[in-house]
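Asks: work.cif (mmCIF, C-alpha atoms) pasted underneath:
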data_coords
loop_
_atom_site.label_atom_id
_atom_site.label_comp_id
_atom_site.auth_asym_id
_atom_site.auth_seq_id
_atom_site.Cartn_x
_atom_site.Cartn_y
_atom_site.Cartn_z
CA MET A 1 26.30 18.75 66.42
CA ALA A 2 27.94 20.83 69.18
CA ALA A 3 29.81 17.78 70.50
CA ALA A 4 31.10 16.94 67.04
CA ALA A 5 32.37 20.51 66.60
CA SER A 6 34.55 20.38 69.68
CA MET A 7 36.19 17.18 68.44
CA MET A 8 37.22 18.73 65.11
CA PRO A 9 40.99 19.22 64.76
CA ILE A 10 42.23 22.80 64.35
CA PHE A 11 44.21 23.22 61.11
CA GLY A 12 45.32 26.76 61.94
CA GLN A 13 41.83 27.98 61.05
CA GLN A 14 39.25 29.83 63.03
CA ILE A 15 36.50 27.62 64.37
CA SER A 16 33.30 29.56 63.96
CA ALA A 17 31.94 31.07 67.15
CA ARG A 18 28.41 30.86 65.77
CA SER A 19 26.27 27.85 66.42
CA ASP A 20 26.83 25.01 63.97
CA LEU A 21 23.11 24.48 63.83
CA VAL A 22 22.46 27.64 61.82
CA PRO A 23 23.92 27.46 58.29
CA ASP A 24 25.77 30.47 56.89
CA TRP A 25 23.39 31.05 54.06
CA THR A 26 20.55 32.13 56.33
CA ARG A 27 22.51 35.31 56.91
CA GLU A 28 23.20 36.04 53.25
CA GLU A 29 21.11 38.30 51.07
CA VAL A 30 19.08 36.57 48.40
CA SER A 31 20.39 37.53 44.99
CA THR A 32 19.45 36.53 41.49
CA GLY A 33 23.13 35.94 40.49
CA THR A 34 22.02 35.49 36.89
CA THR A 35 22.29 35.89 33.20
CA ILE A 36 19.51 37.65 31.30
CA MET A 37 19.23 38.58 27.66
CA ALA A 38 16.80 40.34 25.34
CA VAL A 39 16.93 40.67 21.53
CA GLU A 40 14.77 42.69 19.14
CA TYR A 41 13.66 41.28 15.81
CA ASP A 42 11.36 42.65 13.13
CA GLY A 43 7.93 42.06 14.64
CA GLY A 44 8.79 41.39 18.28
CA VAL A 45 11.34 40.53 20.93
CA VAL A 46 12.89 37.42 22.41
CA ILE A 47 13.82 37.34 26.09
CA GLY A 48 15.67 34.73 28.09
CA ALA A 49 17.06 34.05 31.55
CA ASP A 50 18.69 31.31 33.61
CA SER A 51 16.87 30.00 36.67
CA ARG A 52 19.24 30.14 39.64
CA THR A 53 18.64 32.20 42.80
CA THR A 54 21.40 32.10 45.39
CA THR A 55 21.82 33.07 49.04
CA GLY A 56 25.59 33.05 49.32
CA ALA A 57 26.70 29.61 48.17
CA TYR A 58 23.29 27.95 48.62
CA ILE A 59 20.94 27.79 45.65
CA ALA A 60 17.65 28.89 47.15
CA ASN A 61 15.65 28.27 44.00
CA ARG A 62 16.94 26.31 40.99
CA VAL A 63 13.88 26.85 38.83
CA THR A 64 13.27 30.58 39.29
CA ASP A 65 11.23 32.47 36.76
CA LYS A 66 13.07 35.73 36.17
CA LEU A 67 10.89 36.73 33.23
CA THR A 68 8.18 38.75 34.91
CA ARG A 69 4.97 39.92 33.27
CA ILE A 70 4.39 43.65 33.58
CA HIS A 71 1.57 43.86 31.07
CA ASP A 72 0.09 41.63 28.35
CA LYS A 73 2.90 42.29 25.90
CA ILE A 74 5.55 43.80 28.16
CA TYR A 75 7.89 41.67 30.23
CA CYS A 76 10.98 42.40 32.28
CA CYS A 77 14.09 40.32 32.98
CA ARG A 78 15.34 40.73 36.53
CA SER A 79 18.91 40.62 37.88
CA GLY A 80 20.50 41.75 41.14
CA SER A 81 18.72 41.56 44.48
CA ALA A 82 15.69 39.27 44.24
CA ALA A 83 13.68 41.30 46.77
CA ASP A 84 14.43 44.67 45.16
CA THR A 85 13.56 43.55 41.66
CA GLN A 86 10.35 41.81 42.70
CA ALA A 87 9.22 44.90 44.60
CA ILE A 88 10.00 47.25 41.71
CA ALA A 89 8.29 44.99 39.20
CA GLU A 90 5.14 44.90 41.33
CA VAL A 91 5.07 48.67 41.66
CA VAL A 92 5.61 49.23 37.93
CA SER A 93 2.98 46.61 37.08
CA TYR A 94 0.47 48.47 39.18
CA GLN A 95 1.39 51.89 37.79
CA LEU A 96 1.29 50.62 34.21
CA GLY A 97 -2.04 48.85 34.68
CA PHE A 98 -3.58 52.04 36.02
CA HIS A 99 -2.08 54.12 33.20
CA SER A 100 -3.35 51.71 30.57
CA ILE A 101 -6.91 51.91 31.90
CA GLU A 102 -6.77 55.71 31.73
CA LEU A 103 -5.34 55.62 28.23
CA GLU A 104 -7.90 53.02 27.10
CA GLU A 105 -5.27 51.25 25.02
CA PRO A 106 -2.29 48.96 25.58
CA PRO A 107 0.66 50.84 27.11
CA LEU A 108 3.92 51.54 25.28
CA VAL A 109 7.09 49.60 26.11
CA GLU A 110 8.88 52.93 26.42
CA THR A 111 6.41 53.97 29.13
CA ALA A 112 7.07 50.81 31.11
CA ALA A 113 10.81 51.32 30.74
CA ASN A 114 10.52 54.89 31.98
CA LEU A 115 8.53 53.78 35.02
CA PHE A 116 11.30 51.31 35.86
CA ARG A 117 13.89 54.00 35.38
CA ALA A 118 12.03 56.44 37.60
CA SER A 119 12.00 53.99 40.52
CA CYS A 120 15.54 52.71 39.97
CA TYR A 121 17.00 56.20 39.70
CA ARG A 122 15.11 57.74 42.62
CA TYR A 123 16.11 54.95 44.99
CA ARG A 124 19.48 54.22 43.40
CA GLU A 125 21.37 54.32 46.76
CA GLU A 126 19.15 51.69 48.35
CA LEU A 127 18.45 49.41 45.42
CA MET A 128 20.53 46.83 43.64
CA ALA A 129 18.57 46.07 40.48
CA GLY A 130 19.57 45.55 36.86
CA ILE A 131 16.54 45.17 34.62
CA LEU A 132 15.86 44.57 30.94
CA VAL A 133 12.42 45.74 29.79
CA ALA A 134 11.19 44.20 26.56
CA GLY A 135 7.91 43.96 24.72
CA TRP A 136 5.82 44.79 21.70
CA ASP A 137 3.56 47.74 21.05
CA ARG A 138 1.77 49.00 17.97
CA ARG A 139 3.78 52.18 17.66
CA LYS A 140 7.38 50.94 17.51
CA GLY A 141 7.05 47.15 17.32
CA GLY A 142 9.54 45.07 19.28
CA GLN A 143 11.74 47.06 21.68
CA VAL A 144 14.37 46.29 24.30
CA TYR A 145 15.29 48.83 26.96
CA CYS A 146 18.17 48.44 29.39
CA VAL A 147 17.85 49.84 32.95
CA PRO A 148 21.13 48.90 34.67
CA ILE A 149 22.17 49.54 38.29
CA GLY A 150 22.13 53.29 38.85
CA GLY A 151 18.98 53.98 36.90
CA MET A 152 20.09 54.78 33.35
CA LEU A 153 17.72 54.11 30.46
CA VAL A 154 18.83 53.21 26.96
CA ARG A 155 17.23 51.35 24.09
CA GLN A 156 19.41 48.67 22.45
CA PRO A 157 18.76 46.10 19.72
CA VAL A 158 20.33 43.43 21.91
CA ALA A 159 21.14 43.54 25.62
CA VAL A 160 22.53 41.20 28.27
CA GLY A 161 22.61 41.64 32.02
CA GLY A 162 23.48 40.02 35.31
CA SER A 163 26.70 38.56 36.64
CA GLY A 164 26.98 36.02 33.84
CA SER A 165 26.68 38.64 31.12
CA THR A 166 30.36 39.65 31.20
CA TYR A 167 31.31 36.26 29.79
CA VAL A 168 29.08 36.54 26.74
CA TYR A 169 29.68 40.09 25.53
CA GLY A 170 32.17 38.78 23.00
CA PHE A 171 29.82 36.03 21.81
CA MET A 172 26.94 38.49 21.49
CA ASP A 173 29.00 41.08 19.61
CA SER A 174 30.21 38.53 17.10
CA ASN A 175 26.97 36.62 16.55
CA TYR A 176 24.27 39.27 16.57
CA LYS A 177 23.43 41.09 13.38
CA ALA A 178 20.47 43.21 12.36
CA GLY A 179 17.70 41.41 10.52
CA LEU A 180 17.61 38.10 12.39
CA ASN A 181 14.24 36.33 12.49
CA LYS A 182 12.48 34.95 15.57
CA GLU A 183 13.97 31.44 15.39
CA GLN A 184 17.49 32.81 15.01
CA CYS A 185 16.99 35.12 17.98
CA LEU A 186 15.77 32.22 20.10
CA GLU A 187 18.81 30.18 19.13
CA LEU A 188 21.20 33.08 19.78
CA THR A 189 19.67 33.68 23.22
CA ALA A 190 19.72 30.01 24.18
CA SER A 191 23.35 29.66 23.10
CA ALA A 192 24.49 32.79 24.90
CA LEU A 193 22.71 31.80 28.11
CA SER A 194 24.14 28.30 27.93
CA LEU A 195 27.69 29.65 27.55
CA ALA A 196 27.24 32.07 30.43
CA MET A 197 25.77 29.37 32.67
CA GLU A 198 28.86 27.24 32.02
CA ARG A 199 31.22 29.97 33.18
CA ASP A 200 29.31 31.84 35.89
CA GLY A 201 28.80 30.07 39.22
CA SER A 202 25.79 32.23 40.03
CA SER A 203 23.93 31.27 36.84
CA GLY A 204 22.54 27.85 36.08
CA GLY A 205 19.54 25.56 36.10
CA VAL A 206 17.22 25.72 33.11
CA ILE A 207 16.83 28.33 30.39
CA ARG A 208 13.51 30.14 30.28
CA LEU A 209 12.68 31.80 26.97
CA ALA A 210 9.76 33.91 25.81
CA SER A 211 8.93 35.59 22.54
CA ILE A 212 6.59 38.56 22.43
CA SER A 213 4.93 39.80 19.26
CA GLU A 214 1.63 41.09 17.96
CA GLU A 215 0.22 37.56 18.21
CA GLY A 216 0.98 37.31 21.90
CA VAL A 217 3.49 35.74 24.26
CA GLU A 218 4.96 32.28 23.74
CA ARG A 219 6.98 30.77 26.60
CA ARG A 220 9.27 27.80 26.59
CA VAL A 221 11.80 26.07 28.86
CA ILE A 222 15.02 24.35 27.88
CA LEU A 223 15.98 21.75 30.48
CA GLY A 224 19.53 21.06 31.62
CA ASN A 225 20.14 18.03 29.43
CA GLN A 226 18.78 19.79 26.35
CA LEU A 227 21.03 22.85 26.60
CA PRO A 228 23.05 23.74 23.48
CA LYS A 229 26.47 22.09 23.68
CA PHE A 230 29.80 23.43 22.56
CA SER A 231 32.98 21.59 21.83
CA THR A 232 34.75 22.75 24.99
CA HIS A 233 32.04 21.49 27.35
CA MET B 1 52.09 76.87 39.87
CA LEU B 2 50.46 77.00 43.28
CA GLY B 3 47.66 74.57 44.05
CA GLU B 4 48.24 72.42 40.97
CA ALA B 5 47.78 68.79 41.90
CA GLU B 6 50.15 66.10 40.72
CA PRO B 7 48.57 64.02 37.93
CA GLN B 8 47.04 60.86 39.29
CA TRP B 9 48.87 58.53 37.00
CA LEU B 10 52.24 59.32 38.56
CA THR B 11 51.18 57.55 41.72
CA GLU B 12 49.12 54.73 40.22
CA GLU B 13 50.55 51.28 39.70
CA VAL B 14 51.28 50.51 36.09
CA LYS B 15 49.21 47.56 34.94
CA THR B 16 48.92 45.80 31.66
CA GLY B 17 45.08 45.75 31.87
CA THR B 18 44.96 43.43 28.88
CA THR B 19 43.73 40.60 26.83
CA ILE B 20 46.04 37.71 26.01
CA ILE B 21 45.35 34.45 24.26
CA ALA B 22 47.33 31.45 23.08
CA ILE B 23 46.06 28.52 21.02
CA GLU B 24 47.62 25.31 19.83
CA PHE B 25 47.24 23.88 16.33
CA ASN B 26 48.66 20.78 14.71
CA GLY B 27 52.29 21.75 14.33
CA GLY B 28 52.56 24.90 16.40
CA VAL B 29 50.93 27.67 18.41
CA VAL B 30 49.56 31.17 17.86
CA LEU B 31 49.83 33.81 20.60
CA GLY B 32 48.02 37.14 20.60
CA SER B 33 47.78 40.22 22.78
CA ASP B 34 46.50 43.79 22.78
CA SER B 35 48.91 46.70 23.34
CA ARG B 36 47.53 48.92 26.10
CA VAL B 37 49.36 49.68 29.35
CA SER B 38 47.42 51.74 31.85
CA ALA B 39 48.29 53.57 35.07
CA GLY B 40 44.93 54.25 36.64
CA GLN B 41 42.90 56.05 33.99
CA SER B 42 45.82 57.01 31.79
CA VAL B 43 47.16 54.93 28.95
CA VAL B 44 50.90 55.19 29.44
CA ASN B 45 51.85 53.01 26.50
CA ARG B 46 49.49 52.29 23.62
CA VAL B 47 51.83 50.14 21.56
CA MET B 48 53.42 47.75 24.03
CA ASN B 49 54.17 44.28 22.76
CA LYS B 50 53.09 41.90 25.50
CA LEU B 51 54.36 38.81 23.73
CA SER B 52 57.83 38.31 25.15
CA PRO B 53 60.34 35.74 23.90
CA LEU B 54 61.64 33.22 26.43
CA HIS B 55 63.58 31.32 23.79
CA ASP B 56 63.67 31.01 19.99
CA LYS B 57 60.52 28.94 19.83
CA ILE B 58 58.97 29.69 23.21
CA TYR B 59 57.08 32.89 23.94
CA CYS B 60 55.03 34.11 26.86
CA ALA B 61 52.10 36.51 27.02
CA LEU B 62 52.14 39.04 29.87
CA SER B 63 49.22 40.31 31.92
CA GLY B 64 48.64 41.92 35.31
CA SER B 65 51.24 44.19 36.85
CA ALA B 66 53.61 45.29 34.07
CA ALA B 67 56.70 45.31 36.28
CA ASP B 68 56.02 41.88 37.78
CA ALA B 69 55.28 40.30 34.42
CA GLN B 70 58.34 41.73 32.69
CA THR B 71 60.60 40.70 35.55
CA ILE B 72 59.33 37.13 35.56
CA ALA B 73 59.82 36.94 31.79
CA GLU B 74 63.38 38.26 31.99
CA MET B 75 64.32 35.91 34.82
CA VAL B 76 62.95 32.89 33.00
CA ASN B 77 64.65 33.97 29.78
CA TYR B 78 67.98 33.90 31.61
CA GLN B 79 67.29 30.60 33.36
CA LEU B 80 66.24 28.99 30.09
CA ASP B 81 69.40 30.17 28.34
CA VAL B 82 71.53 28.53 31.01
CA HIS B 83 69.39 25.38 30.96
CA SER B 84 69.54 25.02 27.19
CA MET B 85 73.32 25.35 27.24
CA GLU B 86 73.51 22.66 29.90
CA ILE B 87 71.37 20.17 27.99
CA GLY B 88 72.94 21.13 24.67
CA GLU B 89 69.66 21.48 22.75
CA ASP B 90 66.53 23.61 22.55
CA PRO B 91 64.49 23.54 25.78
CA GLN B 92 61.03 22.02 26.05
CA VAL B 93 58.01 24.30 26.35
CA ARG B 94 57.10 22.44 29.53
CA SER B 95 60.47 23.40 31.05
CA ALA B 96 59.86 27.07 30.33
CA ALA B 97 56.37 26.86 31.77
CA THR B 98 57.66 25.11 34.87
CA LEU B 99 60.25 27.84 35.45
CA VAL B 100 57.51 30.49 35.20
CA LYS B 101 55.28 28.47 37.49
CA ASN B 102 58.01 28.11 40.09
CA ILE B 103 58.47 31.87 40.34
CA SER B 104 54.71 32.56 40.28
CA TYR B 105 54.06 30.06 43.03
CA LYS B 106 56.97 30.92 45.29
CA TYR B 107 56.17 34.63 45.25
CA LYS B 108 52.43 34.37 44.81
CA GLU B 109 51.68 36.77 47.67
CA GLU B 110 53.97 39.50 46.33
CA LEU B 111 53.39 39.17 42.61
CA SER B 112 50.27 39.92 40.63
CA ALA B 113 51.06 38.83 37.13
CA HIS B 114 49.72 36.01 34.99
CA LEU B 115 51.80 34.63 32.15
CA ILE B 116 50.64 32.24 29.46
CA VAL B 117 53.55 30.24 28.06
CA ALA B 118 53.32 28.78 24.56
CA GLY B 119 55.76 27.41 22.00
CA TRP B 120 56.91 24.54 19.87
CA ASP B 121 59.42 21.82 20.65
CA ARG B 122 60.51 18.70 18.82
CA ARG B 123 59.11 16.29 21.37
CA GLU B 124 55.49 17.40 21.82
CA GLY B 125 54.94 19.93 19.01
CA GLY B 126 52.85 22.98 19.81
CA GLN B 127 51.85 23.43 23.46
CA VAL B 128 50.05 26.07 25.54
CA PHE B 129 50.46 26.27 29.31
CA ALA B 130 48.54 28.42 31.78
CA THR B 131 50.39 29.42 34.97
CA LEU B 132 47.78 31.44 36.83
CA LYS B 133 48.64 31.97 40.50
CA GLY B 134 51.25 29.25 40.44
CA LEU B 135 49.40 26.34 38.91
CA LEU B 136 50.68 24.62 35.77
CA THR B 137 48.24 23.17 33.30
CA ARG B 138 48.45 22.37 29.62
CA GLN B 139 45.39 23.42 27.62
CA PRO B 140 44.39 23.45 23.95
CA PHE B 141 43.95 27.21 24.31
CA ALA B 142 44.15 29.75 27.12
CA VAL B 143 42.90 33.30 27.59
CA GLY B 144 43.95 35.75 30.27
CA GLY B 145 43.90 39.34 31.44
CA SER B 146 41.02 41.62 32.33
CA GLY B 147 39.57 41.51 28.83
CA SER B 148 39.33 37.74 28.83
CA SER B 149 36.12 37.70 30.93
CA TYR B 150 34.21 39.22 28.03
CA VAL B 151 35.25 36.58 25.55
CA TYR B 152 34.88 33.33 27.51
CA GLY B 153 31.50 32.79 25.86
CA PHE B 154 32.92 33.51 22.42
CA VAL B 155 35.93 31.20 22.71
CA ASP B 156 33.81 28.42 24.25
CA ALA B 157 31.43 28.63 21.30
CA GLU B 158 33.91 29.12 18.48
CA TYR B 159 36.81 26.86 19.39
CA ARG B 160 36.90 23.52 17.67
CA LYS B 161 39.59 20.85 17.70
CA GLY B 162 41.82 20.46 14.67
CA MET B 163 41.87 24.05 13.41
CA ASN B 164 44.73 24.83 11.05
CA LYS B 165 47.22 27.68 11.33
CA LYS B 166 45.19 30.24 9.41
CA ASP B 167 41.99 29.45 11.31
CA CYS B 168 43.84 29.85 14.60
CA GLN B 169 45.26 33.21 13.56
CA GLN B 170 41.78 34.42 12.58
CA PHE B 171 40.34 33.05 15.83
CA VAL B 172 42.96 34.95 17.85
CA VAL B 173 42.39 38.21 15.96
CA ASN B 174 38.60 37.98 16.36
CA THR B 175 38.88 37.24 20.06
CA LEU B 176 41.28 40.13 20.67
CA SER B 177 39.09 42.52 18.72
CA LEU B 178 35.95 41.61 20.66
CA ALA B 179 37.73 41.91 24.00
CA MET B 180 39.34 45.22 23.08
CA ASN B 181 35.91 46.61 22.23
CA ARG B 182 34.44 45.76 25.60
CA ASP B 183 37.33 46.09 28.07
CA GLY B 184 38.47 49.59 28.94
CA SER B 185 41.91 48.31 29.93
CA SER B 186 42.57 46.62 26.56
CA GLY B 187 43.04 48.37 23.27
CA GLY B 188 45.46 49.70 20.70
CA VAL B 189 46.82 47.26 18.16
CA ALA B 190 46.89 43.48 18.09
CA TYR B 191 50.20 41.63 18.21
CA LEU B 192 50.39 38.10 16.89
CA VAL B 193 53.17 35.52 17.12
CA THR B 194 53.00 32.23 15.24
CA ILE B 195 55.48 29.51 16.18
CA ASP B 196 55.96 26.24 14.31
CA GLU B 197 58.83 23.95 13.42
CA HIS B 198 59.95 26.23 10.59
CA GLY B 199 60.32 29.32 12.71
CA THR B 200 58.69 32.22 14.50
CA GLU B 201 56.60 34.87 12.79
CA GLU B 202 55.72 38.19 14.45
CA ASP B 203 52.84 40.29 13.18
CA VAL B 204 51.02 43.50 14.02
CA ILE B 205 47.45 44.33 13.09
CA LEU B 206 46.70 48.03 13.33
CA GLY B 207 43.51 49.35 14.90
CA ASN B 208 41.65 50.11 11.70
CA ASP B 209 42.45 46.70 10.22
CA LEU B 210 40.87 44.80 13.08
CA PRO B 211 37.55 43.03 12.44
CA THR B 212 34.46 45.10 13.28
CA PHE B 213 31.08 43.99 14.57
CA PHE B 214 27.47 44.92 14.31
CA ASP B 215 27.53 48.12 16.33
CA GLN B 216 30.64 49.68 14.75
#
Rewrite the structure of this file - the entire thing - as structure tokens.
Replies:
Amino acid sequence: MAAAASMMPIFGQQISARSDLVPDWTREEVSTGTTIMAVEYDGGVVIGADSRTTTGAYIANRVTDKLTRIHDKIYCCRSGSAADTQAIAEVVSYQLGFHSIELEEPPLVETAANLFRASCYRYREELMAGILVAGWDRRKGGQVYCVPIGGMLVRQPVAVGGSGSTYVYGFMDSNYKAGLNKEQCLELTASALSLAMERDGSSGGVIRLASISEEGVERRVILGNQLPKFSTH
Amino acid sequence: MLGEAEPQWLTEEVKTGTTIIAIEFNGGVVLGSDSRVSAGQSVVNRVMNKLSPLHDKIYCALSGSAADAQTIAEMVNYQLDVHSMEIGEDPQVRSAATLVKNISYKYKEELSAHLIVAGWDRREGGQVFATLKGLLTRQPFAVGGSGSSYVYGFVDAEYRKGMNKKDCQQFVVNTLSLAMNRDGSSGGVAYLVTIDEHGTEEDVILGNDLPTFFDQ
């Protein structure tokens, strides 16, 4: 490899001083580039995410699961730094599990969201994490809480996050309305994720979906060739 | 008054933050834009028409630095006038787009403006050209400006081939409204220009007449 490098012509560009044997991406931080989405419906929530994790331009994992279980009926969608979000999710999982045992009943989604917010806000300078917390509890039914970078907490009927989300704000605003049922929410989420994955280089792979309701959690995967298609694709 | 600082916007560059869109239909084109011009955090003009005529049936939509965009449009307007006198007939949309592209490419390091050129001519009918950073490409529709990022998903999903004039106008208004709701640098009113073989129609849609969505 070193011999080949010295034979390369110089087109007015810098030839890297680093060894050619070590690819650039080993130096890059691992990030879940990403598009995530969560929608409330009467009786539960639908969550979805793409499946691409990148280190610079290399796709470290093309089948990532960004929908992380925090409790039986509470999940979170992770975006931002992969390490940061995994660490926070583990901590919150532990805290929530402990709290639920003390309470002797399933924890509230709002509690989980507040635990995320507490960690994200306290360590806001060090962390890069954008998280959607979604789930079902007996008190308020399906709920979606948004904890973006910086550590704010707000409940929304529909939320998107991650680098790919900018491209689908318009689609989401125009297609979401109150009173959708579970199937419609799943379709809306799959379509939005598919559109974002087309436009955002850091999002791609397969679409992972989950619906959470009183009955439990139902997960599904939409593979690349089964993604919703649009006329401009 | 002692100690009073100069307002920030006097020293900020004036940008047309913006959302612009142009779409072709069978027989013509529709162009649309918002109307906000910002200098830093201030809105210095809330009713600017960013759809600028290059010729009777060729318009361009301005985005990026307001000064750069306006200057390019004025220069091309002049060059097209001369060109159309030389050839003795109305210029082609492709000619106008090429003139814009030439300036954008030659001065790409100094300029920071993106113009979308759209119009109607006898030879090819309605056409839309994107000239971002000095490339020239014909597209069925084009979006640009800071607000366009938020509506890529929407236009990808909603565009279909063979829309008629009214559908295109509605499509443009919906897109502008969605972008204006999400982008801090876009807002105000929506300007629309429809060009076909019969003529050019300019329209304004005031803020309260724009379509609203679920959270408004």
Asks: Residues of chain B within 12 Å of chain A, using all atoms listed in the file, as a ChimeraX atom specification?
Replies: /B:139-142,146-162,171,174-183,211-216
Asks: Starting from the displayed file, determine the output of the PyMOL selection byres ((chain B and resi 26) around 8) and express the residue list as a PyMOL selection string.
Replies: chain B and resi 24-25+27-28+125-126+162-165
Asks: Would you list the residues near (64.5, 27.7, 29.7), meaning any protein, DNA or RNA residue with an atom at most 6 Å from that point in file coordinates, counting all atoms listed in the file, as a PyMOL selection string?
Replies: chain B and resi 79-81+83+91+96
Asks: Which residues would end up in the selection if the PyMOL selection byres ((chain B and resi 97) around 12) were applied here, given that I need the answer as a PDB file with C-alpha atoms, in the frame of the given file?
Replies:
ATOM      1  CA  LEU B  54      61.640  33.220  26.430  1.00  0.00           C
ATOM      2  CA  HIS B  55      63.580  31.320  23.790  1.00  0.00           C
ATOM      3  CA  ILE B  58      58.970  29.690  23.210  1.00  0.00           C
ATOM      4  CA  TYR B  59      57.080  32.890  23.940  1.00  0.00           C
ATOM      5  CA  CYS B  60      55.030  34.110  26.860  1.00  0.00           C
ATOM      6  CA  ALA B  61      52.100  36.510  27.020  1.00  0.00           C
ATOM      7  CA  ILE B  72      59.330  37.130  35.560  1.00  0.00           C
ATOM      8  CA  ALA B  73      59.820  36.940  31.790  1.00  0.00           C
ATOM      9  CA  VAL B  76      62.950  32.890  33.000  1.00  0.00           C
ATOM     10  CA  ASN B  77      64.650  33.970  29.780  1.00  0.00           C
ATOM     11  CA  GLN B  79      67.290  30.600  33.360  1.00  0.00           C
ATOM     12  CA  LEU B  80      66.240  28.990  30.090  1.00  0.00           C
ATOM     13  CA  PRO B  91      64.490  23.540  25.780  1.00  0.00           C
ATOM     14  CA  GLN B  92      61.030  22.020  26.050  1.00  0.00           C
ATOM     15  CA  VAL B  93      58.010  24.300  26.350  1.00  0.00           C
ATOM     16  CA  ARG B  94      57.100  22.440  29.530  1.00  0.00           C
ATOM     17  CA  SER B  95      60.470  23.400  31.050  1.00  0.00           C
ATOM     18  CA  ALA B  96      59.860  27.070  30.330  1.00  0.00           C
ATOM     19  CA  THR B  98      57.660  25.110  34.870  1.00  0.00           C
ATOM     20  CA  LEU B  99      60.250  27.840  35.450  1.00  0.00           C
ATOM     21  CA  VAL B 100      57.510  30.490  35.200  1.00  0.00           C
ATOM     22  CA  LYS B 101      55.280  28.470  37.490  1.00  0.00           C
ATOM     23  CA  ASN B 102      58.010  28.110  40.090  1.00  0.00           C
ATOM     24  CA  ILE B 103      58.470  31.870  40.340  1.00  0.00           C
ATOM     25  CA  SER B 104      54.710  32.560  40.280  1.00  0.00           C
ATOM     26  CA  TYR B 105      54.060  30.060  43.030  1.00  0.00           C
ATOM     27  CA  HIS B 114      49.720  36.010  34.990  1.00  0.00           C
ATOM     28  CA  LEU B 115      51.800  34.630  32.150  1.00  0.00           C
ATOM     29  CA  ILE B 116      50.640  32.240  29.460  1.00  0.00           C
ATOM     30  CA  VAL B 117      53.550  30.240  28.060  1.00  0.00           C
ATOM     31  CA  ALA B 118      53.320  28.780  24.560  1.00  0.00           C
ATOM     32  CA  GLY B 119      55.760  27.410  22.000  1.00  0.00           C
ATOM     33  CA  GLN B 127      51.850  23.430  23.460  1.00  0.00           C
ATOM     34  CA  VAL B 128      50.050  26.070  25.540  1.00  0.00           C
ATOM     35  CA  PHE B 129      50.460  26.270  29.310  1.00  0.00           C
ATOM     36  CA  ALA B 130      48.540  28.420  31.780  1.00  0.00           C
ATOM     37  CA  THR B 131      50.390  29.420  34.970  1.00  0.00           C
ATOM     38  CA  LEU B 132      47.780  31.440  36.830  1.00  0.00           C
ATOM     39  CA  GLY B 134      51.250  29.250  40.440  1.00  0.00           C
ATOM     40  CA  LEU B 135      49.400  26.340  38.910  1.00  0.00           C
ATOM     41  CA  LEU B 136      50.680  24.620  35.770  1.00  0.00           C
ATOM     42  CA  THR B 137      48.240  23.170  33.300  1.00  0.00           C
ATOM     43  CA  ARG B 138      48.450  22.370  29.620  1.00  0.00           C
TER      44      ARG B 138
END
Asks: Give me the result of the PyMOL selection byres ((chain B and resi 192-202) around 7) on this file, residue by residue, as a list in words.
Replies: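 When the PyMOL selection byres ((chain B and resi 192-202) around 7) is applied, the selected residues are Gly27, Gly28, Val29, Val30, Leu31, Gly32, Ser33, Lys57, Gly119, Trp120, Ala190, Tyr191, Asp203 and Val204 of chain B.
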Asks: Keeping C-alpha atoms, export the residues of the selection given above as a compact mmCIF listing (two decimals), keeping the file's coordinate frame.
Replies:
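Wrote it out as out-v5.txt, contents follow:
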# COMPACT_ATOMS: atom_id res chain seq x y z
CA GLY B 27 52.29 21.75 14.33
CA GLY B 28 52.56 24.90 16.40
CA VAL B 29 50.93 27.67 18.41
CA VAL B 30 49.56 31.17 17.86
CA LEU B 31 49.83 33.81 20.60
CA GLY B 32 48.02 37.14 20.60
CA SER B 33 47.78 40.22 22.78
CA LYS B 57 60.52 28.94 19.83
CA GLY B 119 55.76 27.41 22.00
CA TRP B 120 56.91 24.54 19.87
CA ALA B 190 46.89 43.48 18.09
CA TYR B 191 50.20 41.63 18.21
CA ASP B 203 52.84 40.29 13.18
CA VAL B 204 51.02 43.50 14.02
Asks: Record the distance separating atom CA of A:Leu223 and atom CA of A:Gln184, expressed in Å with one decimal.
Replies: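 These atoms are spaced 19.1 Å apart.
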